[in-house]
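Undergrad: Please find model12.csv (CSV, C-alpha atoms) on the next line:
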chain,number,residue,atom,x,y,z
J,92,MET,CA,107.5,116.3,91.1
J,93,ILE,CA,105.4,114.6,93.9
J,94,ALA,CA,107.2,116.7,96.5
J,95,GLU,CA,106.4,119.9,94.6
J,96,ARG,CA,102.7,119.1,94.1
J,97,ALA,CA,101.7,117.2,97.3
J,98,CYS,CA,99.9,119.4,99.8
J,99,PRO,CA,100.2,118.2,103.4
J,100,LYS,CA,97.0,120.1,104.3
J,101,ARG,CA,95.0,118.5,101.5
J,102,ILE,CA,96.3,115.0,102.5
J,103,ALA,CA,95.4,115.7,106.2
J,104,THR,CA,91.9,116.7,105.1
J,105,ALA,CA,91.6,113.6,102.9
J,106,LYS,CA,92.6,111.4,105.9
J,107,ARG,CA,89.9,113.0,108.0
J,108,ARG,CA,87.2,112.6,105.4
J,109,HIS,CA,88.2,108.9,104.8
J,110,ALA,CA,88.2,108.2,108.5
J,111,ASP,CA,84.8,109.9,109.0
J,112,VAL,CA,83.2,107.9,106.3
J,113,MET,CA,84.8,104.6,107.2
J,114,ALA,CA,83.7,105.1,110.8
J,115,GLY,CA,80.1,105.6,109.7
J,116,CYS,CA,80.1,109.3,110.5
J,117,GLU,CA,79.0,112.3,108.5
J,118,THR,CA,81.8,114.5,107.0
J,119,ASP,CA,82.1,117.9,105.5
J,120,TYR,CA,82.5,116.5,101.9
J,121,LEU,CA,82.4,112.9,100.8
J,122,PRO,CA,85.8,112.1,99.5
J,123,ILE,CA,86.6,111.6,95.8
J,124,ILE,CA,89.7,109.9,94.4
J,125,PHE,CA,90.9,109.9,90.8
J,126,GLY,CA,94.0,110.4,88.8
J,127,ALA,CA,94.7,113.3,86.5
J,128,PRO,CA,96.7,113.0,83.2
J,129,LEU,CA,100.4,113.1,83.8
J,130,PRO,CA,102.3,116.3,83.0
J,131,ALA,CA,103.8,116.6,79.5
J,132,GLU,CA,107.3,116.2,80.8
J,133,CYS,CA,106.6,112.6,81.8
J,134,ALA,CA,106.1,111.5,78.2
J,135,ASP,CA,109.6,110.2,77.8
J,136,TRP,CA,109.8,108.4,81.2
J,137,PRO,CA,110.7,104.7,81.0
J,138,SER,CA,108.3,101.8,81.8
J,139,PHE,CA,109.3,98.6,83.5
J,140,ASN,CA,107.6,95.2,83.0
J,141,TRP,CA,106.1,93.0,85.7
J,142,GLN,CA,109.2,90.8,85.8
J,143,GLU,CA,111.5,93.8,86.3
J,144,ARG,CA,109.3,95.2,89.0
J,145,PHE,CA,109.2,91.9,90.9
J,146,TYR,CA,112.9,91.5,91.1
J,147,VAL,CA,114.0,95.2,91.4
J,148,PRO,CA,112.3,97.2,94.1
J,149,ALA,CA,113.3,100.5,92.7
J,150,LYS,CA,111.6,99.8,89.4
J,151,SER,CA,108.4,98.7,91.3
J,152,LEU,CA,108.5,101.9,93.4
J,153,PHE,CA,109.0,104.1,90.3
J,154,MET,CA,106.0,102.5,88.4
J,155,GLN,CA,103.7,102.9,91.5
J,156,LEU,CA,104.8,106.5,91.9
J,157,ARG,CA,104.3,107.2,88.2
J,158,ASP,CA,101.0,105.4,87.7
J,159,MET,CA,99.3,105.8,91.1
J,160,VAL,CA,100.7,108.5,93.3
J,161,LEU,CA,101.7,111.3,90.9
J,162,PRO,CA,98.4,111.3,88.9
J,163,ARG,CA,96.4,111.6,92.1
J,164,VAL,CA,98.6,114.2,93.6
J,165,CYS,CA,98.2,116.2,90.4
J,166,ALA,CA,94.4,115.8,90.6
J,167,GLY,CA,94.2,117.6,93.9
J,168,CYS,CA,91.6,115.2,95.1
J,169,ASP,CA,91.1,113.3,98.4
J,170,ALA,CA,93.8,110.7,97.7
J,171,VAL,CA,96.0,109.5,100.6
J,172,PRO,CA,99.2,108.6,98.7
J,173,GLY,CA,100.7,105.2,99.3
J,174,VAL,CA,102.7,102.3,97.7
J,175,ARG,CA,103.3,98.7,98.6
J,176,ALA,CA,105.4,95.6,98.0
J,177,ASP,CA,103.7,95.0,94.7
J,178,LEU,CA,104.5,91.4,94.1
J,179,GLY,CA,101.0,90.3,93.1
J,180,THR,CA,98.6,88.0,94.9
J,181,ILE,CA,100.9,85.0,95.6
J,182,ASN,CA,102.5,86.2,98.9
J,183,CYS,CA,100.6,84.0,101.4
J,184,GLN,CA,100.2,80.9,99.2
J,185,THR,CA,103.9,80.6,98.7
J,186,ILE,CA,104.4,80.1,102.4
J,187,PHE,CA,102.6,76.7,102.0
J,188,GLY,CA,105.0,75.9,99.1
J,189,ALA,CA,102.8,76.7,96.2
J,190,GLU,CA,104.9,77.1,93.0
J,191,TRP,CA,104.7,80.3,91.0
J,192,ARG,CA,106.1,82.4,88.1
J,193,VAL,CA,106.2,85.9,86.9
J,194,THR,CA,106.6,87.0,83.3
J,195,PRO,CA,107.3,90.3,81.6
J,196,GLU,CA,103.6,90.5,80.5
J,197,ASN,CA,101.9,89.4,83.7
J,198,ARG,CA,102.0,89.7,87.4
J,199,SER,CA,103.0,86.7,89.4
J,200,VAL,CA,100.7,83.7,89.4
J,201,ILE,CA,100.5,80.3,91.1
J,202,THR,CA,101.5,77.5,88.7
J,203,LYS,CA,101.3,74.5,90.9
J,204,TYR,CA,99.0,73.9,93.9
J,205,VAL,CA,99.9,72.2,97.2
J,206,PRO,CA,98.6,68.6,97.6
J,207,LYS,CA,95.9,68.0,100.1
J,208,GLU,CA,97.9,65.6,102.1
J,209,VAL,CA,100.7,68.2,102.5
J,210,LEU,CA,98.2,70.8,103.7
J,211,ALA,CA,96.6,68.4,106.1
J,212,GLU,CA,99.9,67.9,107.9
J,213,PHE,CA,101.3,71.4,107.5
J,214,GLU,CA,102.4,73.2,110.6
J,215,LEU,CA,102.3,77.0,110.3
J,216,PRO,CA,105.0,78.7,112.3
J,217,ASP,CA,104.3,81.9,114.2
J,218,ASP,CA,107.0,83.7,112.3
J,219,VAL,CA,106.6,83.4,108.5
J,220,SER,CA,109.0,86.1,107.5
J,221,SER,CA,111.5,83.6,106.0
J,222,LEU,CA,109.1,81.5,104.0
J,223,GLY,CA,108.0,81.7,100.4
J,224,VAL,CA,108.3,85.1,98.7
J,225,ILE,CA,107.9,86.9,102.1
J,226,PRO,CA,111.6,87.8,102.3
J,227,ARG,CA,111.3,89.6,98.9
J,228,MET,CA,108.1,91.3,100.2
J,229,VAL,CA,110.0,92.5,103.2
J,230,GLU,CA,112.9,93.7,100.9
J,231,HIS,CA,110.5,95.8,98.8
J,232,MET,CA,108.8,97.4,101.8
J,233,GLN,CA,112.1,98.3,103.4
J,234,HIS,CA,113.4,99.7,100.1
J,235,HIS,CA,110.3,101.8,99.6
J,236,LEU,CA,110.3,103.2,103.1
J,237,ASP,CA,114.0,104.1,102.9
J,238,ALA,CA,113.8,105.6,99.4
J,239,LEU,CA,110.8,107.8,100.3
J,240,ARG,CA,112.4,109.0,103.5
J,241,ARG,CA,115.6,109.9,101.6
J,242,ARG,CA,113.6,112.1,99.2
J,243,GLY,CA,111.7,113.7,102.1
J,244,LEU,CA,108.5,112.0,101.2
J,245,GLY,CA,108.3,109.7,104.3
J,246,ASP,CA,105.4,111.7,105.7
J,247,VAL,CA,103.7,112.2,102.4
J,248,VAL,CA,103.6,108.7,100.7
J,249,GLY,CA,102.9,105.8,103.0
J,250,VAL,CA,103.9,102.2,102.5
J,251,TYR,CA,100.9,99.9,103.2
J,252,HIS,CA,100.4,96.2,103.4
J,253,CYS,CA,101.0,93.8,100.4
J,254,ASP,CA,98.3,91.8,98.7
J,255,GLN,CA,97.7,89.3,101.4
J,256,GLN,CA,94.2,88.5,99.9
J,257,GLY,CA,91.8,86.9,102.4
J,258,PRO,CA,91.5,83.5,104.2
J,259,PHE,CA,89.5,81.7,101.6
J,260,ASP,CA,91.4,83.3,98.7
J,261,ILE,CA,94.6,82.0,100.2
J,262,ALA,CA,93.0,78.6,100.7
J,263,ALA,CA,91.6,78.4,97.2
J,264,MET,CA,94.8,79.6,95.5
J,265,THR,CA,96.9,77.1,97.6
J,266,ARG,CA,94.6,74.0,97.3
J,267,GLY,CA,93.3,74.8,93.8
J,268,HIS,CA,89.9,74.2,92.2
J,269,ASP,CA,89.4,71.0,94.2
J,270,ILE,CA,88.6,73.0,97.3
J,271,PHE,CA,85.1,73.5,95.9
J,272,LEU,CA,84.7,69.7,96.1
J,273,ASP,CA,86.2,69.7,99.5
J,274,LEU,CA,83.5,72.0,100.7
J,275,HIS,CA,81.0,69.2,100.1
J,276,GLU,CA,83.2,66.1,100.7
J,277,ASP,CA,85.6,67.0,103.5
J,278,ALA,CA,84.4,69.7,105.8
J,279,GLY,CA,86.9,68.9,108.4
J,280,PHE,CA,89.8,69.5,106.1
J,281,VAL,CA,88.4,72.8,104.9
J,282,HIS,CA,88.0,74.1,108.4
J,283,HIS,CA,91.5,73.0,109.2
J,284,LEU,CA,92.9,74.8,106.1
J,285,MET,CA,90.8,77.9,106.9
J,286,ARG,CA,92.1,78.1,110.4
J,287,MET,CA,95.6,78.1,109.0
J,288,CYS,CA,94.9,80.6,106.3
J,289,THR,CA,93.2,83.0,108.8
J,290,ARG,CA,96.3,82.8,111.0
J,291,LEU,CA,98.4,83.4,107.9
J,292,TYR,CA,96.4,86.4,106.8
J,293,VAL,CA,96.7,88.0,110.2
J,294,SER,CA,100.4,87.1,110.5
J,295,VAL,CA,101.4,88.7,107.2
J,296,SER,CA,99.2,91.7,107.9
J,297,LYS,CA,100.9,92.2,111.3
J,298,LEU,CA,104.3,91.9,109.7
J,299,CYS,CA,103.5,94.6,107.2
J,300,LYS,CA,102.1,96.8,109.9
J,301,ARG,CA,105.3,96.4,111.9
J,302,LEU,CA,107.5,97.2,108.9
J,303,ALA,CA,105.4,100.3,108.1
J,304,GLY,CA,105.5,101.5,111.7
J,305,GLU,CA,101.7,101.2,112.1
J,306,GLU,CA,100.1,99.9,115.3
J,307,VAL,CA,98.0,96.8,114.8
J,308,GLY,CA,94.4,97.9,115.2
J,309,GLY,CA,95.2,101.5,115.0
J,310,ALA,CA,95.3,104.2,112.3
J,311,GLY,CA,96.8,103.5,108.9
J,312,ASN,CA,96.6,103.5,105.1
J,313,ALA,CA,94.6,100.4,104.0
J,314,VAL,CA,95.6,100.2,100.3
J,315,GLY,CA,94.7,103.9,99.6
J,316,ILE,CA,91.9,104.2,102.2
J,317,TRP,CA,92.7,105.9,105.5
J,318,MET,CA,91.2,104.4,108.6
J,319,GLU,CA,91.6,105.4,112.2
J,320,ALA,CA,91.1,101.8,113.4
J,321,GLY,CA,92.1,98.5,111.8
J,322,ALA,CA,93.3,99.7,108.4
J,323,VAL,CA,93.6,96.5,106.5
J,324,ARG,CA,92.0,95.4,103.2
J,325,MET,CA,90.7,91.8,102.7
J,326,CYS,CA,90.1,90.3,99.3
J,327,GLY,CA,87.5,87.7,98.5
J,328,ASP,CA,87.9,87.0,94.8
J,329,SER,CA,87.3,83.3,95.5
J,330,ASP,CA,84.5,83.7,98.1
J,331,ILE,CA,82.0,84.9,95.5
J,332,LEU,CA,82.2,81.5,93.7
J,333,VAL,CA,80.3,79.8,96.6
J,334,GLY,CA,76.7,80.2,97.7
J,335,GLU,CA,75.5,82.1,100.7
J,336,GLU,CA,75.0,79.0,102.9
J,337,LEU,CA,78.5,77.7,102.2
J,338,TYR,CA,79.9,81.2,102.7
J,339,ARG,CA,78.4,81.5,106.2
J,340,GLN,CA,79.5,78.0,107.1
J,341,PHE,CA,83.1,77.9,105.9
J,342,ILE,CA,84.3,81.5,105.2
J,343,GLN,CA,82.4,84.2,107.2
J,344,PRO,CA,83.5,83.0,110.7
J,345,TYR,CA,87.2,83.2,109.7
J,346,GLU,CA,86.9,86.6,108.1
J,347,ARG,CA,85.2,87.8,111.2
J,348,GLN,CA,88.0,86.4,113.3
J,349,ALA,CA,90.7,88.1,111.1
J,350,PHE,CA,89.0,91.5,111.3
J,351,GLU,CA,88.6,91.1,115.1
J,352,GLN,CA,92.3,90.4,115.5
J,353,LEU,CA,93.3,93.3,113.3
J,354,GLY,CA,90.8,95.9,114.5
J,355,GLY,CA,88.7,96.1,111.3
J,356,GLY,CA,89.1,97.0,107.7
J,357,TRP,CA,87.4,96.9,104.3
J,358,TYR,CA,86.7,94.3,101.7
J,359,HIS,CA,87.3,94.0,97.9
J,360,TYR,CA,86.3,91.4,95.4
J,361,CYS,CA,86.6,91.2,91.6
J,362,GLY,CA,83.5,89.8,90.0
J,363,GLY,CA,81.8,89.7,86.6
J,364,TRP,CA,82.9,91.4,83.5
J,365,GLU,CA,81.4,94.7,82.2
J,366,GLY,CA,79.0,94.2,79.3
J,367,THR,CA,78.3,90.5,79.9
J,368,GLY,CA,75.5,90.9,82.4
J,369,ARG,CA,77.5,88.9,84.9
J,370,ALA,CA,77.6,90.4,88.4
J,371,GLU,CA,79.0,87.7,90.8
J,372,GLY,CA,79.2,88.5,94.5
J,373,LEU,CA,76.0,90.5,94.9
J,374,HIS,CA,74.4,87.4,96.6
J,375,LEU,CA,76.8,87.8,99.5
J,376,HIS,CA,76.5,91.4,100.4
J,377,GLU,CA,74.0,90.8,103.2
J,378,ALA,CA,76.3,88.2,104.7
J,379,TYR,CA,79.3,90.5,104.4
J,380,ALA,CA,77.4,93.1,106.4
J,381,GLU,CA,77.0,90.7,109.3
J,382,ILE,CA,80.8,91.0,110.0
J,383,PRO,CA,80.8,93.7,112.7
J,384,LEU,CA,84.3,95.2,111.9
J,385,LEU,CA,83.9,95.2,108.2
J,386,ALA,CA,83.5,98.9,107.3
J,387,GLY,CA,83.3,99.1,103.5
J,388,LEU,CA,82.9,97.1,100.3
J,389,ASN,CA,84.5,97.5,96.9
J,390,TRP,CA,82.8,95.5,94.1
J,391,THR,CA,83.4,95.7,90.4
J,392,THR,CA,80.2,94.9,88.5
J,393,GLY,CA,76.5,95.2,89.2
J,394,ARG,CA,73.1,95.3,87.7
J,395,ASP,CA,71.2,98.0,89.6
J,396,TRP,CA,74.2,99.9,90.9
J,397,LEU,CA,72.2,102.6,92.7
J,398,GLY,CA,69.9,100.0,94.3
J,399,GLU,CA,72.8,98.0,95.5
J,400,MET,CA,74.4,101.2,97.0
J,401,ARG,CA,71.1,102.0,98.8
J,402,LYS,CA,71.1,98.5,100.2
J,403,LEU,CA,74.7,98.7,101.4
J,404,ALA,CA,73.9,102.1,103.1
J,405,ARG,CA,71.0,100.4,104.9
J,406,LEU,CA,73.3,97.6,105.9
J,407,GLY,CA,75.9,100.0,107.3
J,408,LEU,CA,78.6,99.3,104.6
J,409,VAL,CA,80.5,102.1,102.8
J,410,HIS,CA,80.5,101.8,99.0
J,411,ILE,CA,84.1,102.2,98.0
J,412,GLY,CA,84.4,102.6,94.3
J,413,SER,CA,82.8,104.1,91.3
J,414,VAL,CA,79.4,104.2,89.4
J,415,PRO,CA,79.0,103.7,85.7
J,416,ARG,CA,78.4,106.9,83.7
J,417,GLY,CA,75.7,107.2,81.1
J,418,GLU,CA,76.6,108.1,77.5
J,419,GLY,CA,76.1,111.8,77.1
J,420,GLU,CA,75.5,112.3,80.9
J,421,SER,CA,76.9,115.6,82.1
J,422,LEU,CA,79.4,115.7,84.9
J,423,ALA,CA,77.0,117.5,87.3
J,424,ALA,CA,74.2,115.0,86.5
J,425,TYR,CA,76.6,112.1,86.9
J,426,PHE,CA,77.7,113.3,90.4
J,427,ARG,CA,74.1,114.0,91.5
J,428,ARG,CA,73.1,110.5,90.5
J,429,ALA,CA,76.0,108.9,92.4
J,430,LEU,CA,74.9,110.8,95.5
J,431,SER,CA,71.2,109.9,95.1
J,432,PRO,CA,71.3,106.8,97.3
J,433,TYR,CA,72.3,108.8,100.3
J,434,GLY,CA,70.5,111.1,102.6
J,435,ALA,CA,73.6,112.7,104.2
J,436,ARG,CA,77.4,113.0,103.6
J,437,ARG,CA,78.1,109.4,104.7
J,438,GLY,CA,78.3,106.0,103.2
J,439,LEU,CA,80.3,106.7,100.0
J,440,LEU,CA,83.9,107.0,99.1
J,441,LEU,CA,83.9,107.7,95.3
J,442,GLY,CA,86.9,106.1,93.8
J,443,GLY,CA,89.6,104.1,95.3
J,444,MET,CA,92.9,102.5,94.4
J,445,TRP,CA,92.0,101.9,90.7
J,446,GLN,CA,88.4,102.6,90.1
J,447,GLY,CA,87.9,106.4,90.0
J,448,PRO,CA,84.8,108.1,88.8
J,449,VAL,CA,84.3,108.2,85.0
J,450,LEU,CA,85.8,111.5,83.8
J,451,ARG,CA,86.2,112.7,80.3
J,452,ASP,CA,88.8,114.9,78.6
J,453,GLY,CA,89.0,118.3,80.3
J,454,GLU,CA,87.0,117.3,83.4
J,455,HIS,CA,89.8,116.5,85.8
J,456,GLU,CA,90.6,120.1,86.6
J,457,ARG,CA,87.1,120.9,87.7
J,458,ALA,CA,86.0,117.5,89.1
J,459,VAL,CA,86.6,118.2,92.8
J,460,GLU,CA,84.8,121.5,92.6
J,461,ALA,CA,81.9,119.9,90.7
J,462,TRP,CA,81.8,117.1,93.3
J,463,HIS,CA,81.5,119.5,96.2
J,464,ARG,CA,78.9,121.6,94.3
J,465,ALA,CA,76.8,118.5,93.7
J,466,GLN,CA,76.9,117.6,97.4
J,467,ASP,CA,75.8,121.1,98.3
J,468,GLU,CA,72.9,120.8,95.9
J,469,VAL,CA,71.8,117.3,97.0
J,470,PHE,CA,72.3,117.6,100.8
J,471,GLY,CA,72.0,121.4,101.3
Written as structure tokens, that's how I'd like the structure from this file.
TA:
Amino acid sequence: MIAERACPKRIATAKRRHADVMAGCETDYLPIIFGAPLPAECADWPSFNWQERFYVPAKSLFMQLRDMVLPRVCAGCDAVPGVRADLGTINCQTIFGAEWRVTPENRSVITKYVPKEVLAEFELPDDVSSLGVIPRMVEHMQHHLDALRRRGLGDVVGVYHCDQQGPFDIAAMTRGHDIFLDLHEDAGFVHHLMRMCTRLYVSVSKLCKRLAGEEVGGAGNAVGIWMEAGAVRMCGDSDILVGEELYRQFIQPYERQAFEQLGGGWYHYCGGWEGTGRAEGLHLHEAYAEIPLLAGLNWTTGRDWLGEMRKLARLGLVHIGSVPRGEGESLAAYFRRALSPYGARRGLLLGGMWQGPVLRDGEHERAVEAWHRAQDEVFG
């Protein structure tokens, strides 16, 4: 079904639009990514739980194709199809020996942190491909690449890097909550751990690039976002739990180093919870923008969404993600409002891996046309 519906010309256009925006350039139409409802014939397809997906690469690939790739191909939007070794966020931490589990109901999680004294003496090898769950990650990537090529989809659906998180995420999920005390009580240890975690983030990213056949620093699929340079995603779900001063001292220098070694990329963090008024992470946006090779930012909750998007545009960061939609707001008005922070067709990639624009029943078929029409009205 993907082979029947995927349009190579549309994907090539999507790549160009992504690359334009992520490079800070103006494009013909700002890209939009969303998933359409699955065709009726998919109703009786099976589902596989998280445990099955973790241990059986074919089941993981099936679920990603069903839930991520096919809906976006059916939408005819600016999606660049891709899948990954979808083992959760534990990949890098297990290299240090962190214990973990995966259940049918939940993705893999760390269940036991690594003692400080072990981390203080740990020697990270250059080749980490045999450590922790990385052999399973390699198995999944190789399976996905082979399976897609056998079905003639090797040039249509890419295989991008796993969830390698980011240097401080790796550190926090290896050391545990005590790292927030270490920031105040043992700066030397934190810097030692951050140096190792930065090396590890880069090492796993390079391993994934090598498996996918992508050049480090070159073009590639960065978790659904196409970039002509760098093409990695970094996550900072733990970064947003510290203040700006500590971020600049203990985290920002290492994220800068990682992006320099990999040629650049974009950044994601999960923060807050819709409806609670919490919007963690906004206090670090200016500091993120100080990282030269950080191209875009995906964030999950805000207060003044449009004001924050205007600020990111001034800072030179692309907003990757969605915008909340008002109750009763028409599709045309919603799209015009999403475009209002921008003076040209740059700075915005509406949608992403999960967070597409808010569409209602019957709007998927006309969303792309409405999005282009709104840009013509706003920008001329």
Undergrad: Just the number, please: distance in Å from CA of Val224 in chain J to CA of Val193 in chain J, one decimal.
TA: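 Separation between CA of Val224 in chain J and CA of Val193 in chain J: 12.0 Å.
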Undergrad: Take every atom of range 357-364 of chain J listed in the file, pad by 5 Å on each side, and give me the axis-aligned box centre and edge lengths in Å, one decimal, as JSON.
TA:
{"center_x": 84.6, "center_y": 93.3, "center_z": 93.9, "size_x": 15.6, "size_y": 17.2, "size_z": 30.8}
Undergrad: Please report the interatomic distance between CA of Ala278 in chain J and CA of Met264 in chain J in Å with one decimal.
TA: 17.7 Å
Undergrad: Asp158 in chain J: which residues within 12 Å, counting only C-alpha atoms, same-chain residues fewer than 5 positions away excluded, as a VMD selection string?
TA: chain J and resid 93 125 to 130 133 136 to 139 151 to 153 163 to 165 172 to 174 444 to 445
Undergrad: Let me make sure I understand: among J:Ile342, J:Cys168, J:Leu440, J:Ala131, which one has the smallest atom-to-atom distance to Ala103 in chain J if we use all atoms listed in the file?
TA: J:Cys168
Undergrad: Write out as a ChimeraX atom specification which residues come within 8 Å of Val200 in chain J when counting all atoms listed in the file, dropping same-chain ones fewer than 2 positions away.
TA: /J:179-181,191-193,198,202
Undergrad: For Phe145 in chain J, which residue among J:Lys297, J:His359, J:His109, J:His231 is the nearest when counting only C-alpha atoms?
TA: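 When distances to Phe145 in chain J are compared using only C-alpha atoms, the smallest one comes from J:His231.
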Undergrad: Select all residues near (87.8, 113.2, 83.5) (cut-off 12 Å, inclusive, file coordinates), counting all atoms listed in the file, and output them as an NGL selection string.
TA: :J and (124-128 or 166 or 416 or 421-422 or 425 or 447-459 or 461)
Undergrad: Just checking: using only C-alpha atoms, which residue out of J:Leu121, J:Val247, J:Leu274, J:Val323 ends up closest to Tyr433 in chain J?
TA: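 Closest candidate: J:Leu121.
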